[in-house]
Amino acid sequence: MSDVSTASVDRKIDTSHMTVSATEVAIDIIGMNKWYGDFHVLRDINLKVMKGERIVIAGPSGSGKSTLIRCINRLEEHQQGQIIVNGTELTSDLKRIDEVRREVGMVFQHFNLFPHLTILQNLTLAPIWVRGIPKAEAEETAMKYLTRVRIPEQANKFPGQLSGGQQQRVAIARSLCMNPKIMLFDEPTSALDPEMVKEVLEVMISLAEEGMTMICVTHEMGFARQVANRVIFMDQGQIIEQNDPQGFFSNPQHERTKLFLSQILH
Amino acid sequence: MTAEVRTEMAPALPPPRRSTGVGHWLRQNLFATPTDAIMTVVGALFLVWAVPQLIEFLFTKAVWPGGTVEDCRVMGAGACWAYIGARINFFIYGFYPMDEYWRPNVVFALAALLVVPLAIPKAPFKVVNALLFFVALPIVTVVLLSGGSFGLRPVPTDQWGGLLVTLIISYVAILGSLPLGILLALGRQSKLPVIKTLCVAFIELWRAVPLITVLFMASIMLPLFLPQGTSIDKLLRALVGVTLFASAYMAEVIRGGLQAIPRGQYEAAASLGLGYWKRMGFIVLPQALKHVIPGIVNIFISLFKDTSLVSIVGIFDLLNTIQAGTSDTNWFSPTQATTGYIFAAIIYWIFCFSMSRYSLFMERRLNTGHKR
């Protein structure tokens, strides 16, 4: 059994807002290298993401996909090259790092909700204490996003009382409450029961429909086909191939890409 | 093969009735194996032998307050509670001047008045209450007890004693060691080498020294290093010593809690743009401290009992007043000392057991992880 699901949505995807800006750069990674000790984990990464782009990063485990997107909000530090997010270059300057993190939302494989806070508190904590938004207003926004991910009735429960799919939708709503310009998804459906994958993908698709700039590390090739406008394939810390989904799936160029696709699509 | 399909869903049934009754309980808990049976019998025999004697000594043959020293001297008399009753003021206030007892009494009353609503989760005005208990109470206590202002007669700290001093030391050491311990634990995890080294050095130094040594150093060595003429109050030196000592232990317990927090929690908090102190204050510490409540209360309890060590530097805490009381020839009787120590044990037990129960209560209350 492969853990790669090809879940897709049945409805027609509304592409009216899914326009990619031709001039506005959201993320610019230039000649970036990263090492874990002696191990060269990311090698010569060059990647320009335009505003409104929806990028799916695929690749075998250990290929550096997660490490790459974790560098974009500096959960991981890079040693060489430049990463510029929304015009702010990431350096060891803590102020700049927090500035970038405020504008970049991240969704994790294991949700990482705060178990000691209610759902509503999970959603309002950062808006109140990072953005300085009044509590009442933050709660209103939180309820708006909880309604959007279709679980407003769970607002006063604790994360431990929710199913995996619900927790992941809360995690997405939590990021959205900060009103981010970019969303990073780090294998958001990999830890979910098969029956819950779709409800999370639905939320991600609706985000894409609104024109959010998204980078998703995922094995959901159905999602990649339907939503992405670029698929990036990584192996051994390098970007091996990138193409639009159509070309990527039907006409892979690199041997490693062909092998990978033959392994996961059957 | 044709598909087998369930046509009716199986209804949910109540669980089968377990075998119950006294006989079943006994077999399960007391006589499950031959070893269990032997231990049960031995244990029961011990209780039959010990409990009546204890009851006799503590209650039926005891001399209650109002009795005289002659009653206590009768052969076979039990605990001399009359002696405790006669000297209770000394055990509570030490050498504090008798006509100024109202001052410690006001402090006791204020502390009780503030700690009760603070301990009840549903009571309102938590912030004000906490400020009063943690900030105002110490100031009032110092002003009131030491006197010298507002027309109050000065009472030097070497006249303070008994339960009053035990509670003061515990209050300061417990409330001082928790925040200090948190800072030290965070410092030990710091990426800044200077802060990390300082915290590690501090913790390892204090943990490697016995508390008695700390108290001796504070009360005998320290004055030798201080310039002529300056002196720091003996009680204050002991307070600082005990607090720093406890904070080193506290730091290690809290570090254990910090290590139990998954990295994902730090990362989620960071990815939302929360800075270091907000990450720690809102996300990491509330969870970490909750994990180590048993360890923290363990330190509180042992700290409360360790305050009795200050007697070796001549501070009259509860145990020391009781020890001093044993040489009171007016109440000389065969059970005088025993009664005193039993009394001390009861007092220590009441405070420690309350802390232990309260911590269990808080653990259950704060448990949000496994609610169904």
# chains A, B, ... in the order shown; residues from 1 in each chain; ligands from 1

call {"tool": "interface_residues", "arguments": {"of": "chain A", "to": "chain B", "cutoff": "8 Å", "atoms": "only C-alpha atoms", "output": "number ranges by chain"}}
result
A: 73, 75, 98-102, 104-106, 108, 110, 112-116, 126, 129-130, 158-161, 175, 178

call {"tool": "select_by_dssp", "arguments": {"residues": "segment 5-145 of chain A", "states": "helix (DSSP H, G or I)", "output": "PyMOL selection string"}}
result
chain A and resi 65-72+94-103+119-129+135-145

call {"tool": "select_by_dssp", "arguments": {"residues": "segment 8-214 of chain A", "states": "strand (DSSP E or B)", "output": "ChimeraX atom specification"}}
result
/A:25-36,39-50,54-58,80-85,88-89,104-107,182-186,213-214

call {"tool": "write_last_selection", "arguments": {"atoms": "N, CA and C atoms", "output": "short mmCIF file (atom, residue, chain, number, x, y, z; two decimals), in the first residue's frame"}}
result
data_model
loop_
_atom_site.label_atom_id
_atom_site.label_comp_id
_atom_site.auth_asym_id
_atom_site.auth_seq_id
_atom_site.Cartn_x
_atom_site.Cartn_y
_atom_site.Cartn_z
N VAL A 25 6.80 39.68 -6.74
CA VAL A 25 7.47 38.47 -6.26
C VAL A 25 7.12 38.26 -4.78
N ALA A 26 6.63 37.07 -4.44
CA ALA A 26 6.30 36.79 -3.04
C ALA A 26 7.54 36.25 -2.31
N ILE A 27 8.17 35.28 -2.92
CA ILE A 27 9.34 34.67 -2.31
C ILE A 27 10.44 34.56 -3.35
N ASP A 28 11.64 34.95 -2.96
CA ASP A 28 12.77 34.83 -3.89
C ASP A 28 13.91 34.13 -3.16
N ILE A 29 14.25 32.95 -3.64
CA ILE A 29 15.36 32.20 -3.03
C ILE A 29 16.49 32.15 -4.05
N ILE A 30 17.65 32.64 -3.65
CA ILE A 30 18.75 32.78 -4.60
C ILE A 30 19.98 32.04 -4.09
N GLY A 31 20.39 31.04 -4.81
CA GLY A 31 21.63 30.32 -4.51
C GLY A 31 21.73 29.86 -3.07
N MET A 32 20.65 29.27 -2.56
CA MET A 32 20.60 28.95 -1.14
C MET A 32 21.17 27.55 -0.88
N ASN A 33 21.99 27.45 0.17
CA ASN A 33 22.55 26.17 0.60
C ASN A 33 22.34 26.02 2.09
N LYS A 34 22.15 24.78 2.50
CA LYS A 34 22.00 24.52 3.94
C LYS A 34 22.66 23.20 4.30
N TRP A 35 23.30 23.19 5.44
CA TRP A 35 23.94 21.97 5.95
C TRP A 35 23.38 21.62 7.31
N TYR A 36 23.22 20.32 7.59
CA TYR A 36 23.02 19.83 8.96
C TYR A 36 24.36 19.23 9.37
N PHE A 39 26.33 17.38 6.69
CA PHE A 39 25.44 16.89 5.65
C PHE A 39 24.83 18.04 4.86
N HIS A 40 25.06 18.04 3.56
CA HIS A 40 24.59 19.12 2.69
C HIS A 40 23.14 18.85 2.32
N VAL A 41 22.20 19.43 3.06
CA VAL A 41 20.81 19.00 2.94
C VAL A 41 20.06 19.76 1.85
N LEU A 42 20.39 21.02 1.64
CA LEU A 42 19.78 21.76 0.53
C LEU A 42 20.90 22.33 -0.33
N ARG A 43 20.84 22.05 -1.64
CA ARG A 43 21.96 22.42 -2.51
C ARG A 43 21.52 23.34 -3.63
N ASP A 44 22.12 24.51 -3.65
CA ASP A 44 21.94 25.45 -4.75
C ASP A 44 20.46 25.60 -5.13
N ILE A 45 19.67 26.04 -4.15
CA ILE A 45 18.24 26.21 -4.42
C ILE A 45 17.99 27.60 -5.00
N ASN A 46 17.37 27.65 -6.17
CA ASN A 46 16.94 28.90 -6.76
C ASN A 46 15.46 28.78 -7.07
N LEU A 47 14.66 29.66 -6.46
CA LEU A 47 13.22 29.52 -6.62
C LEU A 47 12.58 30.89 -6.49
N LYS A 48 11.81 31.26 -7.50
CA LYS A 48 11.09 32.52 -7.43
C LYS A 48 9.60 32.22 -7.45
N VAL A 49 8.90 32.66 -6.42
CA VAL A 49 7.46 32.41 -6.34
C VAL A 49 6.75 33.74 -6.50
N MET A 50 5.87 33.81 -7.51
CA MET A 50 5.14 35.05 -7.74
C MET A 50 3.90 35.08 -6.86
N ARG A 54 0.51 28.88 -6.86
CA ARG A 54 0.20 27.72 -6.01
C ARG A 54 1.17 26.62 -6.41
N ILE A 55 2.12 26.36 -5.53
CA ILE A 55 3.21 25.45 -5.87
C ILE A 55 3.11 24.19 -5.03
N VAL A 56 3.24 23.06 -5.69
CA VAL A 56 3.30 21.80 -4.95
C VAL A 56 4.73 21.28 -5.05
N ILE A 57 5.31 20.92 -3.91
CA ILE A 57 6.64 20.33 -3.90
C ILE A 57 6.50 18.84 -3.61
N ALA A 58 7.02 18.02 -4.50
CA ALA A 58 6.96 16.58 -4.32
C ALA A 58 8.38 16.03 -4.28
N GLN A 80 23.90 29.70 3.40
CA GLN A 80 24.44 30.42 2.25
C GLN A 80 23.30 30.87 1.35
N GLY A 81 23.51 31.96 0.62
CA GLY A 81 22.50 32.42 -0.31
C GLY A 81 21.50 33.34 0.36
N GLN A 82 20.47 33.69 -0.42
CA GLN A 82 19.51 34.67 0.08
C GLN A 82 18.10 34.10 0.03
N ILE A 83 17.30 34.44 1.05
CA ILE A 83 15.87 34.15 0.99
C ILE A 83 15.16 35.48 1.26
N ILE A 84 14.39 35.93 0.29
CA ILE A 84 13.70 37.20 0.44
C ILE A 84 12.19 36.94 0.40
N VAL A 85 11.51 37.26 1.49
CA VAL A 85 10.08 36.99 1.58
C VAL A 85 9.34 38.32 1.70
N THR A 88 11.48 41.22 2.38
CA THR A 88 12.33 41.23 3.56
C THR A 88 13.31 40.07 3.49
N GLU A 89 14.61 40.39 3.55
CA GLU A 89 15.56 39.30 3.51
C GLU A 89 15.71 38.68 4.89
N VAL A 104 3.55 35.10 7.00
CA VAL A 104 3.62 33.79 6.39
C VAL A 104 2.98 32.77 7.34
N GLY A 105 1.86 32.18 6.90
CA GLY A 105 1.21 31.17 7.74
C GLY A 105 1.80 29.81 7.46
N MET A 106 1.76 28.93 8.47
CA MET A 106 2.27 27.59 8.23
C MET A 106 1.35 26.55 8.85
N VAL A 107 1.14 25.48 8.08
CA VAL A 107 0.31 24.37 8.56
C VAL A 107 1.21 23.14 8.60
N ILE A 182 1.17 34.68 2.53
CA ILE A 182 1.64 33.43 1.96
C ILE A 182 1.27 32.30 2.92
N MET A 183 0.90 31.15 2.39
CA MET A 183 0.64 29.99 3.26
C MET A 183 1.57 28.84 2.87
N LEU A 184 2.20 28.27 3.90
CA LEU A 184 3.06 27.11 3.68
C LEU A 184 2.36 25.88 4.28
N PHE A 185 2.32 24.81 3.52
CA PHE A 185 1.69 23.58 4.02
C PHE A 185 2.75 22.48 4.02
N ASP A 186 3.02 21.92 5.20
CA ASP A 186 4.05 20.88 5.30
C ASP A 186 3.37 19.52 5.49
N THR A 213 -1.29 32.90 -2.12
CA THR A 213 -0.01 32.33 -2.53
C THR A 213 0.27 31.12 -1.63
N MET A 214 0.45 29.95 -2.25
CA MET A 214 0.57 28.74 -1.44
C MET A 214 1.76 27.91 -1.89
#

call {"tool": "atom_distance", "arguments": {"atom1": "atom CA of Arg188 of chain B", "atom2": "atom CA of Leu94 of chain A"}}
result
20.3 Å

call {"tool": "residues_around", "arguments": {"residues": "segment 70-73 of chain B", "least_positions_apart": "2", "cutoff": "10 Å", "atoms": "only C-alpha atoms", "output": "PDB file with C-alpha atoms, in the first residue's frame"}}
result
ATOM      1  CA  LYS B  61      -4.947   8.211  78.428  1.00  0.00           C
ATOM      2  CA  ALA B  62      -3.835  11.653  77.224  1.00  0.00           C
ATOM      3  CA  VAL B  63      -3.890  14.669  79.529  1.00  0.00           C
ATOM      4  CA  TRP B  64      -5.921  17.356  77.785  1.00  0.00           C
ATOM      5  CA  GLY B  67      -4.805  19.234  83.109  1.00  0.00           C
ATOM      6  CA  THR B  68      -1.829  19.848  85.340  1.00  0.00           C
ATOM      7  CA  MET B  75       2.762   6.485  85.627  1.00  0.00           C
ATOM      8  CA  GLY B  76       1.194   5.295  82.390  1.00  0.00           C
ATOM      9  CA  ALA B  77      -0.196   8.712  81.415  1.00  0.00           C
ATOM     10  CA  GLY B  78      -0.481   9.331  77.664  1.00  0.00           C
ATOM     11  CA  ALA B  79       0.367  12.400  75.599  1.00  0.00           C
ATOM     12  CA  CYS B  80       0.665  15.568  77.670  1.00  0.00           C
ATOM     13  CA  TRP B  81      -1.518  17.885  75.542  1.00  0.00           C
ATOM     14  CA  ALA B  82      -1.827  20.142  78.557  1.00  0.00           C
ATOM     15  CA  TYR B  83       1.822  21.064  78.052  1.00  0.00           C
ATOM     16  CA  TRP B 331       6.376  20.745  82.549  1.00  0.00           C
ATOM     17  CA  PHE B 332       8.903  18.018  83.065  1.00  0.00           C
ATOM     18  CA  SER B 333       7.205  14.663  82.553  1.00  0.00           C
ATOM     19  CA  PRO B 334       8.020  11.353  80.833  1.00  0.00           C
ATOM     20  CA  THR B 335       5.946  12.232  77.746  1.00  0.00           C
ATOM     21  CA  GLN B 336       6.818  15.916  77.469  1.00  0.00           C
TER      22      GLN B 336
END
